[in-house]
file run.txt (compact mmCIF, C-alpha atoms and all ligand atoms)
# COMPACT_ATOMS: atom_id res chain seq x y z
CA MET A 1 0.00 0.00 0.00
CA LYS A 2 1.10 3.56 -0.75
CA PRO A 3 3.13 4.99 2.16
CA ILE A 4 1.76 7.85 4.25
CA SER A 5 4.11 10.73 3.59
CA VAL A 6 4.77 13.13 6.47
CA VAL A 7 6.98 16.13 7.19
CA LEU A 8 8.23 17.43 10.53
CA LEU A 9 8.45 21.14 11.20
CA GLY A 10 11.03 21.52 13.98
CA LEU A 11 13.44 19.02 15.48
CA GLY A 12 13.62 20.21 19.10
CA THR A 13 12.39 18.11 22.04
CA VAL A 14 8.96 17.49 20.50
CA GLY A 15 10.12 17.05 16.88
CA GLN A 16 12.85 14.66 17.96
CA GLY A 17 10.32 12.71 20.04
CA VAL A 18 8.01 12.34 17.04
CA TYR A 19 10.92 11.36 14.77
CA GLU A 20 12.12 8.65 17.16
CA SER A 21 8.63 7.32 17.88
CA LEU A 22 7.84 7.01 14.16
CA PHE A 23 10.83 4.65 13.95
CA SER A 24 10.45 2.85 17.29
CA HIS A 25 6.73 2.16 16.62
CA GLN A 26 7.04 1.68 12.85
CA GLN A 27 5.78 -1.89 12.91
CA LYS A 28 2.80 -1.15 15.13
CA LEU A 29 1.89 1.92 13.08
CA GLN A 30 1.95 -0.05 9.85
CA GLU A 31 -0.34 -2.68 11.35
CA VAL A 32 -2.83 -0.07 12.55
CA LEU A 33 -2.66 2.20 9.50
CA GLY A 34 -2.31 -0.49 6.86
CA ALA A 35 0.55 1.47 5.27
CA PRO A 36 4.08 2.48 6.23
CA VAL A 37 4.78 6.03 7.40
CA GLU A 38 7.53 7.74 5.45
CA ILE A 39 9.23 10.93 6.66
CA ALA A 40 9.76 12.97 3.49
CA GLY A 41 11.35 16.05 5.02
CA ILE A 42 12.28 17.89 8.20
CA LEU A 43 12.48 21.64 8.76
CA VAL A 44 15.36 22.61 11.07
CA LYS A 45 16.81 25.92 12.27
CA ASN A 46 20.44 25.03 11.75
CA LYS A 47 21.38 22.65 8.95
CA ALA A 48 25.04 22.39 10.04
CA LYS A 49 24.15 20.79 13.40
CA GLN A 50 25.12 17.10 13.66
CA ARG A 51 22.02 14.88 13.67
CA ASP A 52 21.31 11.21 13.57
CA VAL A 53 18.80 11.48 10.71
CA SER A 54 18.43 9.03 7.85
CA ARG A 55 20.16 10.27 4.65
CA SER A 56 17.06 9.62 2.56
CA ILE A 57 15.19 12.42 4.40
CA LEU A 58 15.33 15.98 3.12
CA VAL A 59 16.61 18.13 6.00
CA THR A 60 16.28 21.82 5.23
CA THR A 61 16.00 25.31 6.67
CA ASP A 62 13.87 26.38 3.69
CA ILE A 63 10.12 25.86 4.12
CA ASP A 64 9.59 26.27 0.36
CA GLU A 65 11.60 23.11 -0.28
CA LEU A 66 9.13 21.17 1.86
CA LEU A 67 6.12 22.89 0.32
CA ALA A 68 7.45 21.92 -3.10
CA LEU A 69 7.47 18.20 -2.26
CA PRO A 70 4.91 16.53 -4.54
CA GLN A 71 2.86 14.48 -2.06
CA ILE A 72 2.64 15.27 1.64
CA ASP A 73 -0.26 13.78 3.58
CA VAL A 74 0.38 14.98 7.10
CA VAL A 75 2.49 17.71 8.74
CA PHE A 76 3.73 17.41 12.34
CA GLU A 77 4.20 20.99 13.50
CA ALA A 78 6.66 21.20 16.42
CA ILE A 79 7.79 24.83 16.32
CA VAL A 80 7.60 27.10 19.37
CA GLY A 81 5.46 30.24 19.31
CA ILE A 82 2.98 31.82 16.92
CA GLU A 83 5.19 32.70 13.99
CA PRO A 84 6.35 31.26 11.70
CA ALA A 85 4.19 28.26 12.74
CA TYR A 86 0.93 30.05 11.84
CA THR A 87 2.05 30.99 8.34
CA TYR A 88 3.47 27.53 7.65
CA ILE A 89 0.32 25.76 8.85
CA ARG A 90 -1.87 27.87 6.58
CA LYS A 91 0.40 27.13 3.63
CA PHE A 92 0.33 23.38 4.24
CA LEU A 93 -3.46 23.42 4.73
CA THR A 94 -3.78 25.25 1.39
CA LYS A 95 -1.59 22.55 -0.14
CA GLY A 96 -4.06 19.93 1.14
CA CYS A 97 -2.18 18.48 4.11
CA HIS A 98 -3.60 17.51 7.50
CA ILE A 99 -1.86 19.20 10.44
CA ILE A 100 -0.93 17.77 13.82
CA THR A 101 0.37 20.32 16.30
CA ALA A 102 1.36 20.59 19.97
CA ASN A 103 1.65 24.38 19.83
CA LYS A 104 -0.65 25.66 22.60
CA GLU A 105 0.51 29.28 22.31
CA LEU A 106 -0.47 29.34 18.65
CA LEU A 107 -3.76 27.55 19.34
CA ALA A 108 -4.69 29.88 22.21
CA HIS A 109 -4.21 32.86 19.87
CA LYS A 110 -5.30 31.49 16.51
CA GLY A 111 -6.90 28.09 17.15
CA SER A 112 -10.46 28.98 16.10
CA GLU A 113 -9.32 30.71 12.95
CA LEU A 114 -7.04 27.86 11.93
CA THR A 115 -9.71 25.24 12.71
CA LYS A 116 -12.17 27.14 10.51
CA TYR A 117 -9.65 27.36 7.70
CA ALA A 118 -8.86 23.65 8.01
CA GLN A 119 -12.57 22.85 7.75
CA GLU A 120 -12.89 25.03 4.64
CA GLN A 121 -9.98 23.11 3.15
CA ARG A 122 -11.60 19.86 4.29
CA ARG A 123 -8.50 18.95 6.20
CA TYR A 124 -7.87 18.09 9.84
CA LEU A 125 -6.05 20.26 12.34
CA THR A 126 -5.58 18.11 15.45
CA PHE A 127 -3.88 19.10 18.69
CA GLU A 128 -4.29 16.40 21.32
CA ALA A 129 -0.67 16.95 22.39
CA ALA A 130 -1.21 20.66 23.09
CA VAL A 131 -3.16 20.12 26.32
CA ALA A 132 -2.23 17.62 29.07
CA GLY A 133 0.64 15.99 27.12
CA GLY A 134 0.11 12.28 26.60
CA ILE A 135 -3.34 12.12 28.24
CA PRO A 136 -6.15 11.66 25.69
CA LEU A 137 -8.07 14.57 27.16
CA LEU A 138 -9.37 16.32 24.05
CA ARG A 139 -10.49 13.09 22.42
CA THR A 140 -12.25 12.14 25.66
CA LEU A 141 -14.06 15.46 25.63
CA ILE A 142 -14.89 15.33 21.91
CA GLN A 143 -15.66 11.68 21.30
CA LEU A 144 -16.44 10.03 24.58
CA LEU A 145 -18.57 12.67 26.25
CA GLN A 146 -20.92 13.62 23.42
CA VAL A 147 -24.08 13.68 25.50
CA ASN A 148 -22.63 14.76 28.83
CA GLY A 149 -22.47 18.51 29.30
CA ILE A 150 -19.22 19.84 30.77
CA VAL A 151 -19.94 21.88 33.88
CA LYS A 152 -16.43 22.51 35.15
CA ILE A 153 -12.82 21.53 34.54
CA GLU A 154 -10.24 21.52 37.33
CA ALA A 155 -6.75 20.54 36.30
CA SER A 156 -3.05 20.56 36.83
CA LEU A 157 -1.91 21.21 33.26
CA ASN A 158 1.74 22.14 33.55
CA GLY A 159 4.10 19.21 34.06
CA THR A 160 7.08 21.41 34.87
CA SER A 161 5.33 23.22 37.73
CA ASN A 162 3.97 20.01 39.17
CA TYR A 163 7.42 18.45 38.94
CA ILE A 164 8.93 21.43 40.77
CA LEU A 165 6.27 21.51 43.51
CA SER A 166 6.53 17.74 44.06
CA LYS A 167 10.33 17.82 44.38
CA MET A 168 10.23 20.85 46.67
CA ARG A 169 7.89 18.92 48.95
CA LYS A 170 9.57 15.52 48.87
CA GLU A 171 13.22 16.57 48.85
CA GLN A 172 13.11 20.18 50.10
CA ALA A 173 14.84 20.92 46.79
CA LYS A 174 15.46 24.53 45.75
CA PHE A 175 13.04 25.95 43.18
CA GLN A 176 15.79 27.04 40.80
CA ASP A 177 17.62 23.67 40.93
CA VAL A 178 14.49 21.69 40.10
CA LEU A 179 13.63 24.05 37.28
CA VAL A 180 17.06 23.42 35.71
CA GLU A 181 16.40 19.67 36.09
CA ALA A 182 12.98 19.99 34.43
CA GLN A 183 14.62 21.83 31.54
CA ALA A 184 17.26 19.10 31.16
CA LEU A 185 14.51 16.45 31.11
CA GLY A 186 12.78 18.27 28.25
CA TYR A 187 9.68 19.18 30.32
CA ALA A 188 10.01 22.96 30.35
CA GLU A 189 9.19 25.38 27.55
CA ALA A 190 11.97 27.02 25.53
CA ASP A 191 11.21 30.03 27.72
CA PRO A 192 10.58 28.36 31.11
CA SER A 193 8.99 31.50 32.53
CA ASN A 194 5.91 30.37 30.58
CA ASP A 195 5.74 27.31 32.85
CA ILE A 196 6.39 28.90 36.23
CA LEU A 197 4.34 32.07 35.67
CA GLY A 198 1.24 30.08 34.70
CA THR A 199 1.27 31.19 31.05
CA ASP A 200 1.53 27.68 29.63
CA SER A 201 -1.43 26.52 31.79
CA PHE A 202 -3.31 29.63 30.69
CA TYR A 203 -2.81 28.85 26.98
CA LYS A 204 -3.97 25.28 27.55
CA LEU A 205 -7.03 26.52 29.39
CA MET A 206 -7.89 28.85 26.48
CA VAL A 207 -7.64 25.89 24.07
CA LEU A 208 -10.06 23.97 26.31
CA SER A 209 -12.37 26.99 26.49
CA ASP A 210 -12.52 27.19 22.67
CA LEU A 211 -13.27 23.50 22.49
CA ILE A 212 -15.92 23.36 25.20
CA TYR A 213 -17.58 26.80 25.06
CA HIS A 214 -16.59 27.83 21.51
CA GLN A 215 -15.25 31.08 22.92
CA GLN A 216 -12.68 32.32 25.38
CA PRO A 217 -13.04 34.61 28.40
CA LYS A 218 -11.49 38.08 28.07
CA TRP A 219 -7.81 37.40 28.70
CA ASN A 220 -7.50 40.38 31.06
CA ASP A 221 -10.23 38.94 33.28
CA VAL A 222 -8.37 35.69 33.84
CA GLU A 223 -6.41 35.53 37.08
CA LYS A 224 -2.98 34.09 36.29
CA THR A 225 -0.55 33.53 39.16
CA GLY A 226 2.46 31.29 38.85
CA ILE A 227 4.54 29.44 41.43
CA THR A 228 7.57 31.74 41.66
CA ASN A 229 6.67 32.99 45.17
CA VAL A 230 6.16 29.51 46.58
CA THR A 231 8.83 28.42 49.11
CA VAL A 232 9.69 25.05 50.65
CA PRO A 233 8.39 26.13 54.13
CA HIS A 234 5.03 27.14 52.55
CA ILE A 235 4.74 23.65 51.06
CA GLN A 236 5.89 21.99 54.30
CA LEU A 237 3.39 23.90 56.40
CA GLY A 238 0.70 22.89 53.93
CA GLU A 239 1.80 19.28 54.29
CA LYS A 240 1.55 19.52 58.08
CA LEU A 241 -1.99 20.81 57.62
CA GLY A 242 -2.76 17.76 55.43
CA LEU A 243 -2.63 19.65 52.12
CA ARG A 244 -0.57 19.70 48.92
CA LEU A 245 0.05 22.66 46.67
CA LYS A 246 -0.87 22.44 42.97
CA LEU A 247 -0.84 24.97 40.15
CA LEU A 248 -4.55 24.66 39.52
CA ALA A 249 -6.21 25.68 36.27
CA SER A 250 -9.99 25.88 36.37
CA LEU A 251 -12.67 26.64 33.82
CA THR A 252 -16.39 27.15 34.42
CA SER A 253 -19.26 28.91 32.83
CA SER A 254 -21.81 31.03 34.68
CA HIS A 255 -24.57 33.30 33.38
CA ASP A 256 -21.97 36.10 33.44
CA GLY A 257 -19.79 34.24 30.98
CA ILE A 258 -16.79 31.99 31.13
CA HIS A 259 -14.58 32.05 34.17
CA ALA A 260 -11.00 30.82 34.06
CA GLU A 261 -8.11 31.04 36.47
CA VAL A 262 -4.63 29.65 37.03
CA LYS A 263 -3.11 29.89 40.50
CA PRO A 264 -1.42 27.87 43.27
CA VAL A 265 -4.12 26.19 45.33
CA PHE A 266 -3.88 23.74 48.22
CA VAL A 267 -5.79 20.48 47.83
CA SER A 268 -6.66 17.92 50.48
CA SER A 269 -6.11 14.16 50.20
CA ASP A 270 -9.75 13.75 49.09
CA HIS A 271 -9.04 15.78 45.95
CA SER A 272 -8.08 13.79 42.85
CA LEU A 273 -5.14 16.13 42.16
CA TYR A 274 -3.56 15.41 45.57
CA HIS A 275 -1.90 12.26 44.24
CA VAL A 276 -0.89 13.75 40.87
CA GLU A 277 2.86 13.91 41.33
CA GLY A 278 5.99 14.74 39.35
CA VAL A 279 5.56 15.55 35.67
CA ASP A 280 2.04 14.10 35.59
CA ASN A 281 -0.99 16.20 34.74
CA GLY A 282 -4.40 15.52 36.26
CA ILE A 283 -7.83 16.62 35.14
CA ALA A 284 -11.20 16.44 36.88
CA ILE A 285 -14.03 16.82 34.34
CA HIS A 286 -17.29 17.63 36.11
CA THR A 287 -20.25 16.73 33.91
CA ASP A 288 -24.02 16.90 34.23
CA LEU A 289 -24.66 13.20 33.58
CA VAL A 290 -21.88 10.81 34.54
CA GLY A 291 -20.60 13.06 37.33
CA THR A 292 -16.87 13.61 37.67
CA ILE A 293 -14.28 11.86 35.54
CA HIS A 294 -10.61 11.92 36.51
CA LEU A 295 -7.75 11.58 34.05
CA GLN A 296 -4.08 11.42 34.96
CA GLY A 297 -0.84 10.77 33.09
CA PRO A 298 2.42 12.23 31.81
CA GLY A 299 1.92 15.88 30.96
CA ALA A 300 5.25 16.83 29.40
CA GLY A 301 8.35 15.39 27.81
CA ALA A 302 9.28 14.14 24.35
CA LYS A 303 7.60 10.74 24.62
CA ALA A 304 4.32 11.91 26.12
CA THR A 305 3.95 14.60 23.47
CA ALA A 306 5.02 12.32 20.63
CA SER A 307 2.54 9.68 21.79
CA ALA A 308 -0.36 12.14 21.54
CA MET A 309 0.79 13.37 18.10
CA ILE A 310 1.16 9.88 16.70
CA GLU A 311 -2.25 8.84 18.05
CA ASP A 312 -3.55 11.93 16.19
CA LEU A 313 -2.06 10.52 12.98
CA VAL A 314 -3.98 7.29 13.48
CA TYR A 315 -7.15 9.25 14.25
CA ILE A 316 -6.83 11.32 11.07
CA ARG A 317 -6.28 8.23 8.93
CA GLN A 318 -9.10 6.26 10.48
CA ILE A 319 -11.75 8.93 10.03
CA LYS A 320 -10.32 10.67 7.00
CA ASP A 321 -13.55 10.50 5.04
CA THR A 322 -15.71 12.19 7.64
CA ILE A 323 -14.41 15.67 8.25
CA ALA A 324 -16.69 16.55 11.10
CA GLN A 325 -17.01 19.69 13.12
CA GLU A 326 -15.36 18.73 16.41
CA ASN A 327 -17.58 20.08 19.11
CA VAL A 328 -17.92 19.37 22.78
CA ARG A 329 -21.27 19.92 24.40
CA ALA A 330 -21.02 22.60 27.06
CA SER A 331 -23.53 22.15 29.83
CA GLN A 332 -26.47 24.47 30.16
CA HIS A 333 -26.09 24.01 33.92
CA HIS A 334 -23.89 26.93 34.81
CA VAL A 335 -21.93 27.09 38.04
CA GLU A 336 -23.14 30.23 39.79
CA PRO A 337 -20.81 31.85 42.32
CA THR A 338 -22.51 32.71 45.60
CA ALA A 339 -21.15 35.65 47.58
CA ASP A 340 -21.99 33.98 50.91
CA ASP A 341 -20.04 30.79 50.24
CA LEU A 342 -17.62 29.78 52.95
CA SER A 343 -14.13 29.22 51.69
CA THR A 344 -11.01 27.67 53.15
CA TRP A 345 -7.59 29.31 53.12
CA VAL A 346 -4.06 28.63 54.28
CA ALA A 347 -2.33 31.65 55.78
CA VAL A 348 1.44 31.41 56.25
CA THR A 349 3.12 33.93 58.52
CA GLU A 350 6.86 34.48 58.76
CA GLU A 351 6.55 35.17 62.48
CA THR A 352 4.67 33.54 65.33
CA VAL A 353 1.26 35.01 66.03
CA PRO A 354 0.40 34.61 69.69
CA GLU A 355 -2.78 36.52 70.57
CA ALA A 356 -4.18 37.41 67.20
CA PHE A 357 -5.73 34.03 66.68
CA HIS A 358 -7.47 34.01 70.04
CA LYS A 359 -10.93 32.58 69.93
CA GLU A 360 -12.60 35.92 70.61
CA ARG A 361 -10.97 37.60 67.63
CA LEU A 362 -11.80 34.73 65.30
CA ARG A 363 -15.39 34.66 66.48
CA GLN A 364 -15.66 38.39 65.84
CA TYR A 365 -14.86 37.76 62.17
CA GLN A 366 -16.88 34.51 62.12
CA ILE A 367 -13.87 32.47 61.14
CA ASN A 368 -13.07 28.88 62.05
CA LEU A 369 -9.45 28.03 62.79
CA ILE A 370 -9.37 24.42 61.63
CA LYS A 371 -5.73 23.70 62.27
CA ARG A 372 -2.53 25.52 63.14
CA GLU A 373 1.02 24.28 62.58
CA LYS A 374 4.48 25.70 63.38
CA LEU A 375 7.70 25.41 61.42
CA ASN A 376 10.68 27.18 62.97
CA GLU A 377 9.64 30.83 63.20
CA MET A 378 6.82 30.37 60.71
CA GLU A 379 3.22 29.40 61.26
CA GLY A 380 0.55 27.99 58.99
CA PHE A 381 -3.16 28.43 59.66
CA LEU A 382 -6.02 26.60 58.01
CA LEU A 383 -8.93 29.00 58.18
CA GLN A 384 -12.51 28.76 57.06
CA GLY A 385 -15.04 31.52 56.64
CA ARG A 386 -16.29 34.05 54.13
CA GLU A 387 -13.46 35.18 51.87
CA TYR A 388 -14.06 38.84 52.63
CA ASP A 389 -14.00 38.27 56.42
CA ILE A 390 -10.84 36.21 56.25
CA LEU A 391 -9.04 38.86 54.23
CA LEU A 392 -10.19 41.59 56.65
CA PHE A 393 -9.11 39.54 59.64
CA LEU A 394 -5.67 38.82 58.20
CA GLN A 395 -5.24 42.47 57.30
CA SER A 396 -6.13 43.45 60.85
CA LEU A 397 -3.17 41.40 62.14
CA LYS A 398 -0.81 43.87 60.50
CA LEU A 399 1.84 41.19 59.97
CA GLY A 400 5.06 41.98 58.12
CA LEU A 401 5.08 38.97 55.85
CA LEU A 402 1.98 36.99 55.17
CA THR A 403 1.14 34.69 52.26
CA ILE A 404 -2.31 33.28 51.67
CA TYR A 405 -3.38 30.42 49.44
CA PRO A 406 -6.89 29.23 48.66
CA VAL A 407 -7.82 25.62 49.38
CA SER A 408 -9.86 23.88 46.71
CA PRO A 409 -13.42 23.29 47.94
CA THR A 410 -13.65 20.07 45.94
CA GLY A 411 -12.86 17.07 48.09
CA LEU A 412 -12.53 18.80 51.44
CA PRO A 413 -11.98 16.20 54.16
CA PRO A 414 -15.11 15.25 56.10
CA TYR A 415 -14.04 17.16 59.23
CA GLU A 416 -13.98 20.38 57.25
CA LYS A 417 -17.39 19.72 55.76
CA THR A 418 -18.75 19.23 59.25
CA LEU A 419 -17.16 22.46 60.38
CA THR A 420 -18.54 24.27 57.36
CA HIS A 421 -21.96 23.03 58.32
CA THR A 422 -21.52 23.97 61.98
CA LEU A 423 -20.17 27.39 61.09
CA ALA A 424 -22.95 28.02 58.60
CA LYS A 425 -25.43 27.22 61.36
CA SER A 426 -23.70 29.47 63.88
CA ILE A 427 -23.74 32.35 61.38
CA ILE A 428 -27.43 31.85 60.68
CA ASN A 429 -28.17 31.79 64.42
N1 LIG A 501 6.25 22.86 29.33
C1 LIG A 501 5.06 22.08 29.23
C2 LIG A 501 4.75 21.49 30.59
C3 LIG A 501 5.23 21.03 28.18
O1 LIG A 501 5.63 21.47 31.45
O2 LIG A 501 3.63 21.05 30.82
C4 LIG A 501 3.99 20.29 27.84
O3 LIG A 501 3.00 21.11 27.30
call {"tool": "encode", "arguments": {"input": "run.txt", "output": "structure tokens", "more": "lines below"}}
Ligand code: HSE
result
Amino acid sequence: MKPISVVLLGLGTVGQGVYESLFSHQQKLQEVLGAPVEIAGILVKNKAKQRDVSRSILVTTDIDELLALPQIDVVFEAIVGIEPAYTYIRKFLTKGCHIITANKELLAHKGSELTKYAQEQRRYLTFEAAVAGGIPLLRTLIQLLQVNGIVKIEASLNGTSNYILSKMRKEQAKFQDVLVEAQALGYAEADPSNDILGTDSFYKLMVLSDLIYHQQPKWNDVEKTGITNVTVPHIQLGEKLGLRLKLLASLTSSHDGIHAEVKPVFVSSDHSLYHVEGVDNGIAIHTDLVGTIHLQGPGAGAKATASAMIEDLVYIRQIKDTIAQENVRASQHHVEPTADDLSTWVAVTEETVPEAFHKERLRQYQINLIKREKLNEMEGFLLQGREYDILLFLQSLKLGLLTIYPVSPTGLPPYEKTLTHTLAKSIIN
């Protein structure tokens, strides 16, 4: 059978991963696809660089040489950033090629437009690898949850950040050292500030928003806080309080519109993300029919990304005659925020706080002190109450250095639920 001819744009971590996987899984691919996959050309930045690439493959820095190849079925796009990836993708779509990309920055900015153009050209633009690495998240949303409406997504979507936070907790490792390690392992972005400032998670969230709600929230309205201010003692105090810190990305829709945020949040052991460790990503998909579905798996690295891109190739080949509009059904059941909701917070102080947390004072602000832990000169407090009251109370302490983190309300341990109930009753009375 006629080989499937592909080209690779980029031979960095992702491109190299795809290249190697196409060889290592050649046999399996041929069995599944019914034809061999042949790499016709590779676009590189520097042609002089020594590479272990078969001589039969055209390796070039000139995109026009690849565009001039007579028959290209599929393009694996593995370039970083919006340009020149955007221009190249459009050109290959015009030429009649299907596109497989892992480029979340490009998709967050231009995903809808490119998807529309691909549909006009009756070609596929697939991007399973762009969100949650090797986890088949998008396909799960698109194909497996066609009747379920998506109410909310809560996820840890950046492998690098999760790797850093896990190592800081387990080994008291220094932030900067673990970041360097994550870069060496091929987890981090070319510009790693995208990982640690929450930008990479933000892009992924915008791709999910396009897919689920067919629109994005206004980017300026999205809270985006990274993990650069997190310290080992903050994580350790959280651990003593029974919590783990995650860079949480969440997406919901209310009658006001779509709400998205990326920020460090503590989760309890009842939360599915508590056990998502190292480079893994984890996603909780809250739906209106089946309930909550949890997915977990490798979120970054050459193999995880290559796996998702190669599964995309199989997908494109298997359904090549039915170019369908890929839509996920967003739920009509919006999640409405309620101003009176009690929330749980961890406050970390750099000094001991003797009287300020006396019962009287806490009662005055209608706040429950669930637990308090010390670490050297620092203290960690697990507090529950109305957000506004907690912030006022903490402000009233006039402490030099104070850091506060929200605790995810999903999966609070039973004792906290009981306290929430008790507190709610005491407020009503
Ligand atoms: N830098 C990204 C991460 C790569 O750490 O998750 C995968 O998108």
call {"tool": "closest_atom_pairs", "arguments": {"input": "run.txt", "of": "chain A", "to": "ligand LIG 501 (chain A)", "cutoff": "10 Å", "atoms": "only C-alpha atoms and all ligand atoms", "output": "CSV"}}
result
residue,atom,partner,partner_atom,distance
A:Thr13,CA,A:LIG501,C3,9.9
A:Val14,CA,A:LIG501,C3,9.2
A:Ala102,CA,A:LIG501,O3,7.5
A:Asn103,CA,A:LIG501,O3,8.3
A:Lys104,CA,A:LIG501,O3,7.5
A:Glu105,CA,A:LIG501,O3,9.9
A:Ala129,CA,A:LIG501,O3,7.4
A:Ala130,CA,A:LIG501,O3,6.0
A:Val131,CA,A:LIG501,O3,6.3
A:Ala132,CA,A:LIG501,O3,6.5
A:Gly133,CA,A:LIG501,C4,5.5
A:Gly134,CA,A:LIG501,C4,9.0
A:Ser156,CA,A:LIG501,O2,9.0
A:Leu157,CA,A:LIG501,O2,6.1
A:Asn158,CA,A:LIG501,O2,3.5
A:Gly159,CA,A:LIG501,O2,3.8
A:Thr160,CA,A:LIG501,O1,3.7
A:Ser161,CA,A:LIG501,O1,6.5
A:Asn162,CA,A:LIG501,O1,8.0
A:Tyr163,CA,A:LIG501,O1,8.3
A:Ile164,CA,A:LIG501,O1,9.9
A:Ala182,CA,A:LIG501,O1,8.1
A:Gln183,CA,A:LIG501,N1,8.7
A:Gly186,CA,A:LIG501,C3,8.0
A:Tyr187,CA,A:LIG501,O1,4.8
A:Ala188,CA,A:LIG501,N1,3.9
A:Glu189,CA,A:LIG501,N1,4.3
A:Ala190,CA,A:LIG501,N1,8.0
A:Asp191,CA,A:LIG501,N1,8.9
A:Pro192,CA,A:LIG501,N1,7.2
A:Ser193,CA,A:LIG501,N1,9.6
A:Asn194,CA,A:LIG501,N1,7.6
A:Asp195,CA,A:LIG501,N1,5.7
A:Ile196,CA,A:LIG501,O1,8.9
A:Thr199,CA,A:LIG501,N1,9.9
A:Asp200,CA,A:LIG501,C1,6.6
A:Ser201,CA,A:LIG501,O2,7.5
A:Tyr203,CA,A:LIG501,O3,9.7
A:Lys204,CA,A:LIG501,O3,8.1
A:Val279,CA,A:LIG501,O1,7.3
A:Asp280,CA,A:LIG501,O2,8.6
A:Asn281,CA,A:LIG501,O2,7.8
A:Pro298,CA,A:LIG501,O2,9.0
A:Gly299,CA,A:LIG501,O2,5.4
A:Ala300,CA,A:LIG501,C4,4.0
A:Gly301,CA,A:LIG501,C3,6.5
A:Ala302,CA,A:LIG501,C4,8.8
A:Ala304,CA,A:LIG501,C4,8.6
A:Thr305,CA,A:LIG501,C4,7.2
call {"tool": "closest_atom_pairs", "arguments": {"input": "run.txt", "of": "region 178-290 of chain A", "to": "region 136-141 of chain A", "cutoff": "9 Å", "atoms": "all atoms listed in the file", "output": "JSON lines"}}
result
{"residue": "A:Leu208", "atom": "CA", "partner": "A:Leu138", "partner_atom": "CA", "distance": 8.0}
{"residue": "A:Leu211", "atom": "CA", "partner": "A:Leu138", "partner_atom": "CA", "distance": 8.3}
{"residue": "A:Ile212", "atom": "CA", "partner": "A:Leu141", "partner_atom": "CA", "distance": 8.1}
{"residue": "A:Ile283", "atom": "CA", "partner": "A:Leu137", "partner_atom": "CA", "distance": 8.2}
{"residue": "A:Ile285", "atom": "CA", "partner": "A:Leu141", "partner_atom": "CA", "distance": 8.8}
call {"tool": "residues_near_point", "arguments": {"input": "run.txt", "point": "(6.6, 40.7, 56.1)", "cutoff": "10 Å", "atoms": "only C-alpha atoms", "output": "list of chain:residue names"}}
result
A:Thr349, A:Glu350, A:Glu351, A:Lys398, A:Leu399, A:Gly400, A:Leu401, A:Leu402, A:Thr403
call {"tool": "closest_residue", "arguments": {"input": "run.txt", "among": "A:Leu251, A:Ile367, A:Ala260, A:Ala155", "to": "Ser272 (chain A)", "atoms": "all atoms listed in the file"}}
result
A:Ala155
call {"tool": "closest_atom_pairs", "arguments": {"input": "run.txt", "of": "region 244-264 of chain A", "to": "region 216-231 of chain A", "cutoff": "7 Å", "atoms": "all atoms listed in the file", "output": "JSON lines"}}
result
{"residue": "A:Ile258", "atom": "CA", "partner": "A:Pro217", "partner_atom": "CA", "distance": 5.3}
{"residue": "A:His259", "atom": "CA", "partner": "A:Pro217", "partner_atom": "CA", "distance": 6.5}
{"residue": "A:Ala260", "atom": "CA", "partner": "A:Val222", "partner_atom": "CA", "distance": 5.5}
{"residue": "A:Glu261", "atom": "CA", "partner": "A:Glu223", "partner_atom": "CA", "distance": 4.8}
{"residue": "A:Val262", "atom": "CA", "partner": "A:Lys224", "partner_atom": "CA", "distance": 4.8}
{"residue": "A:Lys263", "atom": "CA", "partner": "A:Thr225", "partner_atom": "CA", "distance": 4.6}
{"residue": "A:Pro264", "atom": "CA", "partner": "A:Ile227", "partner_atom": "CA", "distance": 6.4}
call {"tool": "atom_distance", "arguments": {"input": "run.txt", "atom1": "CA of Gln30 (chain A)", "atom2": "CA of Glu311 (chain A)"}}
result
12.8 Å
call {"tool": "residues_around", "arguments": {"input": "run.txt", "residues": "region 68-78 of chain A", "least_positions_apart": "6", "cutoff": "8 Å", "atoms": "all atoms listed in the file", "output": "PyMOL selection string"}}
result
chain A and resi 4-12+14-15+40+85+89+92+96-103+309+313
call {"tool": "residues_near_point", "arguments": {"input": "run.txt", "point": "(-0.7, -0.5, 2.5)", "cutoff": "7 Å", "atoms": "all atoms listed in the file", "output": "MDAnalysis selection string"}}
result
chainID A and resid 1:3 34:36
call {"tool": "axis_aligned_box", "arguments": {"input": "run.txt", "around": "region 289-302 of chain A", "padding_each_side": "6 Å", "output": "JSON"}}
result
{"center_x": -7.7, "center_y": 13.8, "center_z": 31.0, "size_x": 45.9, "size_y": 18.1, "size_z": 25.3}
call {"tool": "atom_distance", "arguments": {"input": "run.txt", "atom1": "CA of Ile42 (chain A)", "atom2": "CA of Leu67 (chain A)"}}
result
11.2 Å
call {"tool": "closest_residue", "arguments": {"input": "run.txt", "among": "A:Pro84, A:Leu394, A:Gln215, A:Arg169", "to": "Glu113 (chain A)", "atoms": "all atoms listed in the file"}}
result
A:Gln215
call {"tool": "atom_distance", "arguments": {"input": "run.txt", "atom1": "CA of Ile150 (chain A)", "atom2": "CA of Gly257 (chain A)"}}
result
14.4 Å
call {"tool": "residues_around", "arguments": {"input": "run.txt", "residues": "Asn368 (chain A)", "least_positions_apart": "5", "cutoff": "7 Å", "atoms": "only C-alpha atoms", "output": "PyMOL selection string"}}
result
chain A and resi 362+383-385
call {"tool": "closest_residue", "arguments": {"input": "run.txt", "among": "A:Leu382, A:Leu33, A:Ala249, A:Val80", "to": "Leu273 (chain A)", "atoms": "all atoms listed in the file"}}
result
A:Ala249
call {"tool": "decode", "arguments": {"input": "run.txt", "residues": "region 132-137 of chain A", "atoms": "C-alpha atoms", "output": "tab-separated table (two decimals), in the first residue's frame"}}
result
chain	number	residue	atom	x	y	z
A	132	ALA	CA	-2.23	17.62	29.07
A	133	GLY	CA	0.64	15.99	27.12
A	134	GLY	CA	0.11	12.28	26.60
A	135	ILE	CA	-3.34	12.12	28.24
A	136	PRO	CA	-6.15	11.66	25.69
A	137	LEU	CA	-8.07	14.57	27.16
